[in-house]
$ cat coords_7.cif   # mmCIF, C-alpha atoms
data_input
#
loop_
_atom_site.group_PDB
_atom_site.id
_atom_site.type_symbol
_atom_site.label_atom_id
_atom_site.label_comp_id
_atom_site.auth_asym_id
_atom_site.auth_seq_id
_atom_site.Cartn_x
_atom_site.Cartn_y
_atom_site.Cartn_z
ATOM 1 C CA TYR A 1 9.675 -33.307 -7.332
ATOM 2 C CA TYR A 2 12.847 -35.307 -7.856
ATOM 3 C CA SER A 3 11.337 -37.933 -10.141
ATOM 4 C CA VAL A 4 10.173 -35.259 -12.613
ATOM 5 C CA ASN A 5 13.346 -33.096 -12.580
ATOM 6 C CA GLY A 6 11.505 -30.196 -10.928
ATOM 7 C CA LYS A 7 14.373 -28.440 -9.117
ATOM 8 C CA TYR A 8 14.475 -24.676 -9.586
ATOM 9 C CA PRO A 9 17.137 -23.877 -12.224
ATOM 10 C CA ARG A 10 19.305 -21.585 -10.096
ATOM 11 C CA SER A 11 21.919 -22.627 -7.584
ATOM 12 C CA SER A 12 21.197 -22.583 -3.876
ATOM 13 C CA ASP A 13 23.908 -19.969 -3.363
ATOM 14 C CA THR A 14 22.412 -17.675 -6.022
ATOM 15 C CA LEU A 15 18.968 -17.998 -4.438
ATOM 16 C CA ARG A 16 20.436 -17.296 -0.977
ATOM 17 C CA LYS A 17 22.120 -14.107 -2.183
ATOM 18 C CA GLN A 18 18.989 -12.944 -3.993
ATOM 19 C CA ALA A 19 16.732 -13.685 -1.008
ATOM 20 C CA GLN A 20 19.003 -11.851 1.426
ATOM 21 C CA ALA A 21 19.270 -8.861 -0.942
ATOM 22 C CA PHE A 22 15.469 -8.873 -1.274
ATOM 23 C CA LEU A 23 15.114 -8.732 2.518
ATOM 24 C CA GLN A 24 17.667 -5.932 2.814
ATOM 25 C CA GLN A 25 15.755 -3.823 0.277
ATOM 26 C CA ARG A 26 12.772 -3.857 2.632
ATOM 27 C CA HIS A 27 14.798 -1.956 5.280
ATOM 28 C CA GLN A 28 13.509 -3.981 8.221
ATOM 29 C CA LEU A 29 15.314 -5.862 10.922
ATOM 30 C CA TYR A 30 14.358 -9.522 11.194
ATOM 31 C CA ALA A 31 15.047 -11.924 14.040
ATOM 32 C CA GLY A 32 14.956 -15.627 14.741
ATOM 33 C CA SER A 33 16.829 -18.738 13.690
ATOM 34 C CA GLY A 34 15.445 -21.843 12.074
ATOM 35 C CA TYR A 35 13.748 -22.820 8.843
ATOM 36 C CA ILE A 36 10.880 -21.408 6.817
ATOM 37 C CA THR A 37 9.703 -23.844 4.154
ATOM 38 C CA PHE A 38 7.151 -23.149 1.454
ATOM 39 C CA ARG A 39 5.355 -26.128 -0.110
ATOM 40 C CA PHE A 40 3.383 -25.558 -3.306
ATOM 41 C CA VAL A 41 2.347 -27.067 -6.634
ATOM 42 C CA VAL A 42 3.909 -26.306 -10.005
ATOM 43 C CA ASP A 43 1.470 -26.991 -12.816
ATOM 44 C CA CYS A 44 2.081 -28.799 -16.104
ATOM 45 C CA THR A 45 3.123 -25.549 -17.822
ATOM 46 C CA GLY A 46 5.766 -24.649 -15.217
ATOM 47 C CA ARG A 47 3.727 -22.059 -13.305
ATOM 48 C CA ARG A 48 3.654 -22.037 -9.520
ATOM 49 C CA LEU A 49 0.110 -22.229 -8.232
ATOM 50 C CA PRO A 50 -0.796 -19.682 -5.510
ATOM 51 C CA ARG A 51 -1.909 -22.142 -2.819
ATOM 52 C CA THR A 52 1.110 -22.469 -0.534
ATOM 53 C CA GLU A 53 1.712 -24.230 2.762
ATOM 54 C CA VAL A 54 4.181 -22.604 5.162
ATOM 55 C CA LEU A 55 6.162 -24.753 7.593
ATOM 56 C CA GLN A 56 8.236 -23.103 10.329
ATOM 57 C CA THR A 57 10.708 -24.693 12.730
ATOM 58 C CA ASP A 58 13.475 -23.498 14.991
ATOM 59 C CA ALA A 59 17.101 -24.566 14.500
ATOM 60 C CA GLN A 60 16.358 -27.841 16.365
ATOM 61 C CA TYR A 61 13.402 -28.592 14.018
ATOM 62 C CA ARG A 62 10.784 -27.912 16.693
ATOM 63 C CA ARG A 63 7.635 -25.978 15.822
ATOM 64 C CA PHE A 64 8.307 -22.293 15.843
ATOM 65 C CA ARG A 65 6.647 -19.115 14.571
ATOM 66 C CA PHE A 66 8.744 -16.422 12.980
ATOM 67 C CA ARG A 67 7.435 -12.877 12.943
ATOM 68 C CA PRO A 68 4.884 -12.504 10.130
ATOM 69 C CA GLU A 69 6.931 -9.738 8.479
ATOM 70 C CA LEU A 70 9.787 -12.155 7.713
ATOM 71 C CA VAL A 71 7.489 -14.902 6.433
ATOM 72 C CA GLU A 72 5.608 -12.422 4.245
ATOM 73 C CA ALA A 73 8.859 -10.984 2.862
ATOM 74 C CA LEU A 74 10.180 -14.438 1.945
ATOM 75 C CA TYR A 75 6.842 -15.302 0.346
ATOM 76 C CA ALA A 76 7.057 -12.084 -1.678
ATOM 77 C CA TYR A 77 10.540 -13.170 -2.794
ATOM 78 C CA LEU A 78 9.193 -16.615 -3.732
ATOM 79 C CA ASN A 79 6.599 -14.875 -5.912
ATOM 80 C CA THR A 80 9.419 -13.298 -7.948
ATOM 81 C CA LEU A 81 10.689 -16.738 -9.008
ATOM 82 C CA THR A 82 9.095 -17.628 -12.339
ATOM 83 C CA ASP A 83 11.490 -20.119 -13.970
ATOM 84 C CA TRP A 84 9.932 -23.311 -12.607
ATOM 85 C CA GLN A 85 10.623 -26.378 -14.703
ATOM 86 C CA VAL A 86 7.990 -28.256 -16.670
ATOM 87 C CA ALA A 87 7.781 -31.763 -15.215
ATOM 88 C CA ARG A 88 9.613 -34.450 -17.176
ATOM 89 C CA SER A 89 9.265 -38.077 -16.248
ATOM 90 C CA PRO A 90 12.270 -40.432 -16.510
ATOM 91 C CA ASN A 91 11.048 -41.533 -19.952
ATOM 92 C CA GLY A 92 10.851 -37.891 -21.151
ATOM 93 C CA GLN A 93 7.088 -37.321 -20.992
ATOM 94 C CA THR A 94 5.786 -33.921 -19.892
ATOM 95 C CA GLY A 95 2.466 -32.642 -18.642
ATOM 96 C CA ALA A 96 2.214 -33.406 -14.938
ATOM 97 C CA ASN A 97 1.789 -31.170 -11.914
ATOM 98 C CA TYR A 98 4.285 -31.669 -9.093
ATOM 99 C CA ILE A 99 4.806 -30.602 -5.503
ATOM 100 C CA ALA A 100 7.822 -28.371 -4.912
ATOM 101 C CA TYR A 101 9.519 -27.024 -1.804
ATOM 102 C CA MET A 102 11.713 -24.047 -1.092
ATOM 103 C CA ALA A 103 13.312 -23.952 2.363
ATOM 104 C CA PHE A 104 15.096 -20.924 3.791
ATOM 105 C CA LYS A 105 17.555 -21.432 6.630
ATOM 106 C CA ILE A 106 17.474 -18.355 8.844
ATOM 107 C CA THR A 107 20.159 -17.406 11.365
ATOM 108 C CA ASP A 108 19.637 -14.262 13.449
ATOM 109 C CA GLY A 109 17.113 -12.978 10.906
ATOM 110 C CA LYS A 110 19.362 -13.488 7.866
ATOM 111 C CA VAL A 111 19.030 -16.015 5.066
ATOM 112 C CA VAL A 112 22.118 -18.222 5.290
ATOM 113 C CA ALA A 113 21.015 -21.074 2.990
ATOM 114 C CA VAL A 114 18.264 -21.950 0.533
ATOM 115 C CA CYS A 115 17.273 -25.462 -0.426
ATOM 116 C CA PRO A 116 15.226 -25.416 -3.621
#

$ encode --input "coords_7.cif" --output "structure tokens"
Amino acid sequence: YYSVNGKYPRSSDTLRKQAQAFLQQRHQLYAGSGYITFRFVVDCTGRRLPRTEVLQTDAQYRRFRFRPELVEALYAYLNTLTDWQVARSPNGQTGANYIAYMAFKITDGKVVAVCP
């Protein structure tokens, strides 16, 4: 992820605003505080592969389960992100798959931070 310059090319604040706006468009109330993290692979052409692991913790990093509606909505938002970087090694070579993460910090059902 870091060794191949695979960070998503938008700022964390931009992603936070977009994610929260995406949730608001769904006209549902969400609850819970903690972190929802998606772990997935970006292939050598910069496409996110569909197999995704979901990790959920409360604000104290203990195992926690958010309501499925919130997790599904954030996953739907993740699916809208298509500008993943092609992996580049420190010597400039391309062509490798890499593991990427996107973590959403949730406070009272609202996205307050995103760590791409």

$ atom_distance --input "coords_7.cif" --atom1 "CA of Asn97 (chain A)" --atom2 "CA of Arg51 (chain A)"
13.3 Å

$ resolve_selection --input "coords_7.cif" --expression "the PyMOL selection byres ((chain A and resi 67) around 10)" --output "ChimeraX atom specification"
/A:30-32,64-66,68-72,109

$ closest_residue --input "coords_7.cif" --among "A:Thr107, A:Cys115, A:Arg16, A:Ala100" --to "Phe40 (chain A)" --atoms "all atoms listed in the file"
A:Ala100

$ resolve_selection --input "coords_7.cif" --expression "the PyMOL selection byres ((chain A and resi 90) around 7)" --output "VMD selection string"
chain A and resid 3 to 4 88 to 89 91 to 92

$ atom_distance --input "coords_7.cif" --atom1 "CA of Asp43 (chain A)" --atom2 "CA of Thr94 (chain A)"
10.8 Å

$ closest_residue --input "coords_7.cif" --among "A:Asn5, A:Met102, A:Leu29, A:Ala87" --to "Glu53 (chain A)" --atoms "only C-alpha atoms"
A:Met102

$ atom_distance --input "coords_7.cif" --atom1 "CA of Val41 (chain A)" --atom2 "CA of Arg63 (chain A)"
23.1 Å
